[in-house]
Every structure is written in C-alpha cells, then in structure tokens.
Amino acid sequence: MMANKEDSSTRLTGSESSDPRKGRGSQQDGRTTGSDTVLSPCPEEEEEEEDGDSMEESEPYGLAEEGEDDGESGMERRMDEREEGRVRESRKRRREREPSEGRATHSSSSSDEEEEEEAEEENEVEEDEREVEAWLAADLRDLAAPAWRAVSSLRQREIGRGAQFVRRACGARGLVQRLELQGSLEQHTGCVNTLHFNPSGTCLASGSDDLRVVLWDWARRRVQLEFDSGHKSNVFQAKFLPHSGDSSLAMCARDGQIRVAELSATQRCKGTKRVAQHKGAAHKLALEPNSPCTFLSAGEDAVVFGIDLRLDRPATKIVLVKDSNRNIGLYTIFVNPANVHQFAVGGRDQYVRIYDRRKINESDNYGVLKKFCPSHLVSSETKTNITCLVYSHNGTELLASYNDEDIYLFDANLPDGAEYSRRYKGHRNDVTVKGVNFYGPCSEFVVSGSDCGHIYLWDKYSSRIIQFMKGDRGGVVIKKNKRERDEDSMRYGYRYDTQLLWFLMRHRRLQRSRRTEGEVDESWSSADSSNEEDMGPDSMQCMSS
C-alpha cells in the first residue's frame with residue numbers, strides 16, 4: 001500500500017504497509033504495516049535443484065549502467081536525449097540572463113567560438129553524467145543468485161514438502177520485480193497519510209487530512225466503516241492494536257493528541273477518547289508486538305509517552321529527547337520487536353537514538369543507550385533530519401530515511417557510534433515526511449516513496465534498485481532526482497528560517513487557543529501529559545505524507 005500525498009486515493013501495490021498474510025515482519029506505518037511481528041530468524045533454505053525457472057525474467061534495475069535492450073531502448077534513448085536537452089536549455093537560459101554587454105560579446109563572436117562553446121557544454125554534460133553514474137555506483141554490491149525457484153518449489157509443495165512455500169515466495173526477488181498496481185480505494189476528501197493492516201490482513205485502516213478514518217475490505221474494494229477521528233488537525237497515523245480483536249485503533253495527529261477509537265463487532269465506532277497530549281505534532285506511534293493495551297508515542301515537543309490503557313491516567317512521560325541541552329523534536333519512533341524494552345527515535349537532527357526503558361537516566365548521556373549516524377553527516381553543514389526509522393523483523397537492523405538524503409541501514413547490535421552497513425540511493429525525500437520500511441517476511445527488501453511519485457524497492461544486501469513503479473529502466477528519473485537535490489542545495493541551502501517558522505506556528509496556536517477557549521475535551525490524559533518546557537525552534541511542525 002502506498003499513502004499518496006498527491007491525492008486522496010489509496011493505491012493497492014507493494015508499499016510501506018504490507019499484508020501480514022503475505023510477508024513482512026515489522027510494523028511500520030508511514031508508513032505502517034500489520035502488527036504480526038516475526039521474531040525468529042529466517043529458516044534455512046533447503047537445497048533445490050537448478051531448473052532455470054526462477055521467475056526472474058527481467059534484469060534488476062541497475063543504478064550504475066543502462067538497462068539491457070528489452071524493447072524499450074529507443075524510449076530510453078529519447079529520455080536521455082530529453083534530459084541532455086534540458087541541461088542545455090538551462091545553460092541557454094543562464095546565458096540569456098547575463099548582462100547586456102555579455103550578450104553583445106556573444107552575438108559578435110565568430111562561428112568557431114560558438115562551436116567551441118557548444119563543445120564545452122557537451123563536455124560538461126558528459127562530465128556531469130559521469131559524476132552521477134559514479135555516485136550511483138558507489139556502495140553497490142553484486143546481486144545474489146535467486147534463492148527461490150518457482151517450478152521446483154511448486155513440485156515440493158505438491159508432494160507435501162511445501163510448509164515454507166508462501167513465506168519463501170513472498171521474499172522472492174522475481175515476484176517483487178513483478179509487482180504492479182492492483183487498484184485504487186477512493187473515499188477520503190483529503191490527502192491520505194497513513195495505512196495499516198489488521199493482524200490478519202483482512203482489513204486496512206487509512207487516515208487523512210479530512211480528519212476521518214476509513215476501514216476497508218480491501219480485497220472487495222469497499223468501505224467497511226468510516227468515522228470521525230475526533231482530531232482537530234491532520235491524522236498522521238491510525239494503527240490496530242495487536243490481540244485486541246480489531247476493536248481498538250490508536251491514532252495520532254498534527255494537533256498533538258493521541259486518541260483511541262473503540263470499534264464494535266457490528267462495524268460501528270463507539271467513540272474515540274484522548275489518552276495523551278503533546279505540545280506539538282505527533283507523527284508516529286510505536287506498538288508493542290504482543291500487547292493490546294500498551295504503546296508509545298513521539299511528538300515534536302521531544303517527548304516520548306508510554307501509554308497503558310489499563311490505567312486511569314494512561315500517559316506517562318518516558319523521556320525528553322535532548323542533546324547539548326537542546327530539545328530534539330521527534331518525527332518517528334519504533335519498538336524493537338525482539339526486545340520490547342528498547343525503542344529507537346529520530347527527528348530534527350542526524351542521529352538515530354536507541355533507549356532502554358529499564359535504564360533511562362537523563363543525567364547520564366541524556367538517557368541514550370546508543371546513537372548511530374553516517375559519518376559524513378555528523379559534521380555536515382546541511383540540516384539533516386530523520387523522517388522515518390524502522391526495525392527489521394528480528395530487531396537486528398535499523399533503517400533510517402533522511403530528508404533530502406539517502407536511506408541508511410545500521411546494525412542495531414553494534415556499539416555506539418558504529419557506521420552504517422548499507423546505503424540506498426535514487427529516491428527523493430524533501431517535500432514531505434517520507435516513510436521507509438522493510439518488505440518481505442525476513443526483511444529482504446527496502447521500500448520507500450519518493451517526491452518524484454514513484455515507489456522504490458531495493459534489494460537489501462546489494463543496495464540495488466530491483467523495482468520502481470511508473471519509471472523508466474534507464475535511470476533517467478533517478479539521475480534527475482540526484483541533480484535536483486544538488487541544485488536545490490546550492491540554490492536554497494537550509495531554505496527555512498527555523499526561528500521565524502516557530503514564531504509563526506506559535507502565533508497561530510495562540511490564536512486557535514483563544515478561539516476554542518472554554519471548550520472541554522473528554523480525556524484520560526494525565527496532568528503531566530505535556531512537556532513542562534516551552535517549545536523552541538526545533539519543535540516546528542512539518543507536513544507529513
């Protein structure tokens with residue numbers, strides 16, 4: 001599933017949210033997946049005979065070289081020519097903007113000088129192409145041989161030896177390369193920000209800027225239930241609580257509220273209730289794999305709440321995320337599926353932080369158990385943020401997506417400060433808060449959306465793109481994303497004045513509070529549900545997708 005920020009329809013493809021019946025062990029929304037977490041490592045692959053029926057008819061989408069001639073080479077050449085033409089046209093416009101005396105000089109130049117200038121421009125285009133190719137080729141590894149073969153696996157299943165058939169098929173690269181759009185679900189009147197399957201995979205929950213939540217019978221493509229979330233601003237996440245019989249749905253939104261909806265077996269919403277309140281947008285919730293009553297929330301106020309629905313006052317502040325006495329607004333949080341005492345957070349700086357709820361002491365390293373960050377981003381002048389992070393199915397790896405940067409894979413078992421182990425390139429994460437996720441029953445692939453409107457799937461081990469929807473094979477879209485990122489960085493730098501935006505957002509909140517003064521909201525929130533400190537520049541809100 002892909003929650004598309006460009007429209008209000010929900011598209012049925014492979015996505016950040018995976019049907020638990022078809023694989024994928026972790027439960028990330030943003031977006032999200034089902035909550036049936038697989039904690040055990042992958043079973044040993046049985047030796048299977050080589051029969052050449054691997055389902056992998058097409059080559060993976062290479063980043064370092066053009067695709068093989070498969071009938072689309074003419075189209076690819078035309079797209080390459082258009083890309084080069086775009087570069088030349090851009091240079092032409094720059095020359096036209098030069099001072100008049102410069103234009104006079106050019107107009108009076110000889111034809112030989114013009115030819116030399118054109119040759120220099122062509123050399124620059126070729127040099128730019130080589131640089132992009134080199135950037136794309138870095139950090140890549142060779143694709144492994146296919147681990148699953150269709151014919152031999154079907155034969156094994158027919159003779160009663162196919163217990164792992166579905167699990168292995170869902171992690172097969174050949175089938176992932178054949179993913180395509182299955183259909184669209186249309187009901188919301190605002191942008192869809194979140195998707196989440198129930199544990200059995202039969203029902204899909206979606207939340208939107210229209211403040212409503214829709215439960216879908218996605219197989220029949222029809223609405224089961226639609227209800228008002230109770231939120232006052234964009235709904236960012238809506239997740240089924242595990243082992244609740246699909247009767248409890250936790251939600252968070254731009255208004256900072258954490259709410260829980262009670263659903264009946266007769267497809268009716270009994271009501272929603274606020275259980276916590278952040279002093280800033282709350283983008284993500286983190287479910288505990290086997291608990292129907294407890295989960296975590298993270299907000300732009302830098303606070304992590306632990307929420308236990310069995311208590312009279314469910315919300316308890318676990319930690320205030322700080323660094324050098326500066327609050328770090330949070331965009332994402334995820335619980336380790338193999339050790340529910342540990343959770344990871346990311347937000348308005350470049351560090352992935354891991355905490356252990358049993359060992360948090362804010363006077364000792366601000367309570368952090370360990371931190372990870374790509375070494376080249378530690379001292380980077382650009383203001384990088386982590387828009388999403390997620391654990392693998394067995395809790396051994398962490399994926400982190402950085403705004404207008406790349407996606408990085410960390411080994412969660414390594415000590416504090418360890419370098420990333422894999423890097424995934426080609427997409428664009430700038431305009432909205434992009435999600436990232438593992439895909440496959442044993443986290444074999446990495447999946448993410450992109451500002452260019454494509455869904456990207458990488459092979460986890462080789463870091464190569466093996467599938468992206470509605471794009472060309474020759475890499476024109478990927479190269480274009482790289483160039484636009486570099487151009488924006490040079491043109492705008494860190495494009496927003498954080499202090500000014502924080503002032504404007506605070507002014508708007510004060511205006512809204514005056515208008516709604518006197519309203520009473522039924523709530524389970526505790527008295528300390530909000531951070532005691534005022535919000536600072538680093539708690540500014542940003543658009544989610």
# chains A, B, ... in the order shown; residues from 1 in each chain; ligands from 1

call {"tool": "select_by_dssp", "arguments": {"residues": "segment 218-453 of chain A", "states": "strand (DSSP E or B)", "output": "VMD selection string"}}
result
chain A and resid 222 to 228 235 to 240 248 to 253 257 to 263 269 to 277 282 to 287 294 to 299 303 to 308 315 to 320 322 to 323 326 to 327 330 to 335 342 to 347 352 to 356 370 to 372 386 to 391 397 to 402 407 to 411 422 to 424 433 436 to 439 445 to 449

call {"tool": "closest_residue", "arguments": {"among": "A:Phe240, A:Ile318, A:Arg274, A:Asn325", "to": "Pro289 of chain A", "atoms": "only C-alpha atoms"}}
result
A:Phe240

call {"tool": "atom_distance", "arguments": {"atom1": "atom CA of Tyr408 of chain A", "atom2": "atom CA of Asp142 of chain A"}}
result
18.1 Å

call {"tool": "residues_around", "arguments": {"residues": "Gln224 of chain A", "least_positions_apart": "2", "cutoff": "7 Å", "atoms": "only C-alpha atoms", "output": "compact mmCIF listing (two decimals) with C-alpha atoms, in the first residue's frame"}}
result
# COMPACT_ATOMS: atom_id res chain seq x y z
CA LEU A 215 -11.68 0.80 7.45
CA TRP A 216 -11.55 -1.05 4.14
CA ASP A 217 -12.35 -4.53 2.94
CA ARG A 222 -15.34 -1.41 -0.40
CA GLN A 267 -18.83 -2.41 12.28

call {"tool": "closest_residue", "arguments": {"among": "A:Val321, A:Ile159, A:Ala145, A:Ile354", "to": "Pro415 of chain A", "atoms": "only C-alpha atoms"}}
result
A:Ile354

call {"tool": "residues_around", "arguments": {"residues": "segment 447-455 of chain A", "least_positions_apart": "2", "cutoff": "7 Å", "atoms": "only C-alpha atoms", "output": "PDB file with N, CA, C and O atoms, in the first residue's frame"}}
result
ATOM      1  N   SER A  15       4.157  -1.803  -0.744  1.00  0.00           N
ATOM      2  CA  SER A  15       4.314  -0.493  -0.154  1.00  0.00           C
ATOM      3  C   SER A  15       4.926  -0.552   1.203  1.00  0.00           C
ATOM      4  O   SER A  15       5.365  -1.565   1.683  1.00  0.00           O
ATOM      5  N   GLU A  16       4.834   0.645   1.849  1.00  0.00           N
ATOM      6  CA  GLU A  16       5.271   0.774   3.219  1.00  0.00           C
ATOM      7  C   GLU A  16       4.395   0.025   4.175  1.00  0.00           C
ATOM      8  O   GLU A  16       4.710  -0.132   5.320  1.00  0.00           O
ATOM      9  N   HIS A 427      16.038   7.783  -4.651  1.00  0.00           N
ATOM     10  CA  HIS A 427      14.745   8.417  -4.423  1.00  0.00           C
ATOM     11  C   HIS A 427      14.945   9.868  -3.991  1.00  0.00           C
ATOM     12  O   HIS A 427      16.067  10.357  -3.879  1.00  0.00           O
ATOM     13  N   ARG A 428      13.858  10.585  -3.748  1.00  0.00           N
ATOM     14  CA  ARG A 428      13.914  11.977  -3.299  1.00  0.00           C
ATOM     15  C   ARG A 428      12.993  12.136  -2.105  1.00  0.00           C
ATOM     16  O   ARG A 428      11.807  11.827  -2.173  1.00  0.00           O
ATOM     17  N   ASN A 429      13.528  12.643  -0.996  1.00  0.00           N
ATOM     18  CA  ASN A 429      12.771  12.822   0.244  1.00  0.00           C
ATOM     19  C   ASN A 429      12.972  14.250   0.715  1.00  0.00           C
ATOM     20  O   ASN A 429      13.851  14.547   1.506  1.00  0.00           O
ATOM     21  N   ASP A 430      12.144  15.164   0.204  1.00  0.00           N
ATOM     22  CA  ASP A 430      12.342  16.571   0.518  1.00  0.00           C
ATOM     23  C   ASP A 430      11.039  17.285   0.851  1.00  0.00           C
ATOM     24  O   ASP A 430      10.931  17.969   1.855  1.00  0.00           O
ATOM     25  N   VAL A 431      10.015  17.114   0.011  1.00  0.00           N
ATOM     26  CA  VAL A 431       8.805  17.927   0.128  1.00  0.00           C
ATOM     27  C   VAL A 431       7.981  17.549   1.340  1.00  0.00           C
ATOM     28  O   VAL A 431       7.439  18.407   2.034  1.00  0.00           O
ATOM     29  N   LYS A 434       8.765  11.566   4.388  1.00  0.00           N
ATOM     30  CA  LYS A 434       8.659  10.266   3.742  1.00  0.00           C
ATOM     31  C   LYS A 434       8.898   9.121   4.731  1.00  0.00           C
ATOM     32  O   LYS A 434       9.733   9.209   5.625  1.00  0.00           O
ATOM     33  N   GLY A 435       8.162   8.030   4.512  1.00  0.00           N
ATOM     34  CA  GLY A 435       8.373   6.822   5.287  1.00  0.00           C
ATOM     35  C   GLY A 435       9.354   5.893   4.595  1.00  0.00           C
ATOM     36  O   GLY A 435       9.712   6.064   3.426  1.00  0.00           O
ATOM     37  N   VAL A 436       9.781   4.878   5.320  1.00  0.00           N
ATOM     38  CA  VAL A 436      10.624   3.818   4.766  1.00  0.00           C
ATOM     39  C   VAL A 436      10.257   2.545   5.503  1.00  0.00           C
ATOM     40  O   VAL A 436       9.755   2.599   6.636  1.00  0.00           O
ATOM     41  N   ASN A 437      10.474   1.397   4.865  1.00  0.00           N
ATOM     42  CA  ASN A 437      10.121   0.144   5.514  1.00  0.00           C
ATOM     43  C   ASN A 437      10.899  -1.005   4.919  1.00  0.00           C
ATOM     44  O   ASN A 437      11.433  -0.904   3.803  1.00  0.00           O
ATOM     45  N   PHE A 438      10.930  -2.091   5.673  1.00  0.00           N
ATOM     46  CA  PHE A 438      11.390  -3.359   5.129  1.00  0.00           C
ATOM     47  C   PHE A 438      10.211  -4.019   4.419  1.00  0.00           C
ATOM     48  O   PHE A 438       9.046  -3.783   4.757  1.00  0.00           O
ATOM     49  N   TYR A 439      10.526  -4.862   3.442  1.00  0.00           N
ATOM     50  CA  TYR A 439       9.493  -5.621   2.755  1.00  0.00           C
ATOM     51  C   TYR A 439       9.962  -7.065   2.642  1.00  0.00           C
ATOM     52  O   TYR A 439      11.127  -7.323   2.367  1.00  0.00           O
ATOM     53  N   PHE A 445      13.926  -6.827   1.539  1.00  0.00           N
ATOM     54  CA  PHE A 445      13.940  -5.658   0.668  1.00  0.00           C
ATOM     55  C   PHE A 445      13.675  -4.390   1.467  1.00  0.00           C
ATOM     56  O   PHE A 445      13.210  -4.431   2.604  1.00  0.00           O
ATOM     57  N   LEU A 457      11.889  -0.003  -4.635  1.00  0.00           N
ATOM     58  CA  LEU A 457      12.236  -1.211  -3.888  1.00  0.00           C
ATOM     59  C   LEU A 457      13.685  -1.553  -4.167  1.00  0.00           C
ATOM     60  O   LEU A 457      14.091  -1.691  -5.328  1.00  0.00           O
ATOM     61  N   TRP A 458      14.458  -1.673  -3.094  1.00  0.00           N
ATOM     62  CA  TRP A 458      15.873  -2.044  -3.190  1.00  0.00           C
ATOM     63  C   TRP A 458      16.076  -3.457  -2.650  1.00  0.00           C
ATOM     64  O   TRP A 458      15.398  -3.874  -1.687  1.00  0.00           O
ATOM     65  N   PHE A 468      10.880  -0.183  -9.417  1.00  0.00           N
ATOM     66  CA  PHE A 468      10.221   1.071  -9.075  1.00  0.00           C
ATOM     67  C   PHE A 468       9.098   1.310 -10.055  1.00  0.00           C
ATOM     68  O   PHE A 468       9.229   1.076 -11.239  1.00  0.00           O
ATOM     69  N   MET A 469       7.966   1.700  -9.479  1.00  0.00           N
ATOM     70  CA  MET A 469       6.730   1.750 -10.245  1.00  0.00           C
ATOM     71  C   MET A 469       6.666   3.026 -11.079  1.00  0.00           C
ATOM     72  O   MET A 469       7.004   4.110 -10.617  1.00  0.00           O
ATOM     73  N   LYS A 470       6.176   2.875 -12.293  1.00  0.00           N
ATOM     74  CA  LYS A 470       5.909   4.000 -13.181  1.00  0.00           C
ATOM     75  C   LYS A 470       7.158   4.824 -13.467  1.00  0.00           C
ATOM     76  O   LYS A 470       7.130   6.033 -13.472  1.00  0.00           O
ATOM     77  N   GLY A 471       8.299   4.166 -13.659  1.00  0.00           N
ATOM     78  CA  GLY A 471       9.529   4.865 -14.010  1.00  0.00           C
ATOM     79  C   GLY A 471      10.224   4.136 -15.140  1.00  0.00           C
ATOM     80  O   GLY A 471       9.860   3.029 -15.511  1.00  0.00           O
TER      81      GLY A 471
END

call {"tool": "atom_distance", "arguments": {"atom1": "atom CA of Ala169 of chain A", "atom2": "atom CA of Asn290 of chain A"}}
result
26.0 Å

call {"tool": "select_by_dssp", "arguments": {"residues": "segment 353-449 of chain A", "states": "helix (DSSP H, G or I)", "output": "PyMOL selection string"}}
result
chain A and resi 365-367+375-378

call {"tool": "atom_distance", "arguments": {"atom1": "atom CA of Glu300 of chain A", "atom2": "atom CA of His283 of chain A"}}
result
8.0 Å

call {"tool": "closest_residue", "arguments": {"among": "A:Ile465, A:Leu398, A:Cys373, A:Val433", "to": "Ala418 of chain A", "atoms": "only C-alpha atoms"}}
result
A:Cys373

call {"tool": "closest_residue", "arguments": {"among": "A:Arg348, A:Gly230, A:Arg310, A:Phe343", "to": "Ile360 of chain A", "atoms": "only C-alpha atoms"}}
result
A:Phe343

call {"tool": "residues_around", "arguments": {"residues": "segment 246-251 of chain A", "least_positions_apart": "6", "cutoff": "6 Å", "atoms": "only C-alpha atoms", "output": "list in words"}}
result
Gln237, Ala238, Lys239, Phe240, Ile258, Arg259, Val260, Ala261, Glu262 and Leu263 of chain A

call {"tool": "write_last_selection", "arguments": {"atoms": "C-alpha atoms", "output": "PDB file, in the first residue's frame"}}
result
ATOM      1  CA  GLN A 237      -1.294   7.567  11.932  1.00  0.00           C
ATOM      2  CA  ALA A 238      -4.031   5.057  12.729  1.00  0.00           C
ATOM      3  CA  LYS A 239      -2.987   1.588  13.926  1.00  0.00           C
ATOM      4  CA  PHE A 240      -4.837  -1.526  15.054  1.00  0.00           C
ATOM      5  CA  ILE A 258      -3.148  10.632  20.963  1.00  0.00           C
ATOM      6  CA  ARG A 259      -6.612   9.105  20.700  1.00  0.00           C
ATOM      7  CA  VAL A 260      -8.030   5.582  20.846  1.00  0.00           C
ATOM      8  CA  ALA A 261     -11.147   4.517  18.948  1.00  0.00           C
ATOM      9  CA  GLU A 262     -13.342   1.711  20.300  1.00  0.00           C
ATOM     10  CA  LEU A 263     -14.821  -0.386  17.498  1.00  0.00           C
TER      11      LEU A 263
END

call {"tool": "closest_residue", "arguments": {"among": "A:Trp148, A:His278, A:Thr266, A:Asp209", "to": "Val176 of chain A", "atoms": "only C-alpha atoms"}}
result
A:Trp148

call {"tool": "residues_around", "arguments": {"residues": "Ile307 of chain A", "least_positions_apart": "5", "cutoff": "10 Å", "atoms": "only C-alpha atoms", "output": "list in words"}}
result
Ile258, Val275, Ala276, Cys293, Thr294, Phe295, Leu296, Ser297, Arg313, Pro314, Ala315, Thr316, Lys317, Ile318 and Ser525 of chain A

call {"tool": "write_last_selection", "arguments": {"atoms": "N, CA, C and O atoms", "output": "CSV table (one decimal), in the first residue's frame"}}
result
chain,number,residue,atom,x,y,z
A,258,ILE,N,-3.2,12.1,21.2
A,258,ILE,CA,-3.1,10.6,21.0
A,258,ILE,C,-4.5,10.1,21.4
A,258,ILE,O,-5.0,10.3,22.5
A,275,VAL,N,-6.0,10.1,25.0
A,275,VAL,CA,-5.3,9.5,26.1
A,275,VAL,C,-4.0,10.2,26.4
A,275,VAL,O,-3.3,9.9,27.4
A,276,ALA,N,-3.5,11.1,25.5
A,276,ALA,CA,-2.3,11.8,25.8
A,276,ALA,C,-2.3,13.1,24.9
A,276,ALA,O,-3.1,13.2,23.9
A,293,CYS,N,-2.7,-3.3,25.0
A,293,CYS,CA,-3.0,-2.2,25.9
A,293,CYS,C,-1.9,-1.2,25.9
A,293,CYS,O,-2.2,-0.1,26.4
A,294,THR,N,-0.7,-1.5,25.5
A,294,THR,CA,0.4,-0.5,25.7
A,294,THR,C,1.0,-0.2,24.3
A,294,THR,O,1.2,-1.0,23.5
A,295,PHE,N,1.4,1.1,24.2
A,295,PHE,CA,2.2,1.6,23.0
A,295,PHE,C,2.9,2.9,23.4
A,295,PHE,O,2.6,3.4,24.5
A,296,LEU,N,3.7,3.3,22.5
A,296,LEU,CA,4.5,4.6,22.7
A,296,LEU,C,4.1,5.6,21.7
A,296,LEU,O,3.6,5.3,20.6
A,297,SER,N,4.3,6.9,22.0
A,297,SER,CA,4.0,8.0,21.1
A,297,SER,C,5.2,8.9,21.1
A,297,SER,O,5.9,9.0,22.2
A,313,ARG,N,-5.0,7.0,34.4
A,313,ARG,CA,-4.3,8.1,33.6
A,313,ARG,C,-3.2,7.4,32.7
A,313,ARG,O,-2.1,7.1,33.2
A,314,PRO,N,-3.6,7.1,31.5
A,314,PRO,CA,-2.8,6.2,30.7
A,314,PRO,C,-1.4,6.7,30.3
A,314,PRO,O,-0.4,5.9,30.1
A,315,ALA,N,-1.2,8.0,30.2
A,315,ALA,CA,0.0,8.6,29.6
A,315,ALA,C,1.1,8.8,30.7
A,315,ALA,O,0.8,9.5,31.7
A,316,THR,N,2.3,8.3,30.5
A,316,THR,CA,3.4,8.6,31.4
A,316,THR,C,4.6,9.0,30.5
A,316,THR,O,4.9,8.3,29.5
A,317,LYS,N,5.2,10.1,30.9
A,317,LYS,CA,6.4,10.6,30.1
A,317,LYS,C,7.6,9.7,30.4
A,317,LYS,O,8.0,9.5,31.5
A,318,ILE,N,8.1,9.1,29.3
A,318,ILE,CA,9.3,8.2,29.5
A,318,ILE,C,10.6,8.9,29.4
A,318,ILE,O,11.5,8.7,30.2
A,525,SER,N,-6.0,12.0,29.7
A,525,SER,CA,-4.6,12.5,29.8
A,525,SER,C,-4.3,12.8,31.3
A,525,SER,O,-5.1,13.3,32.1
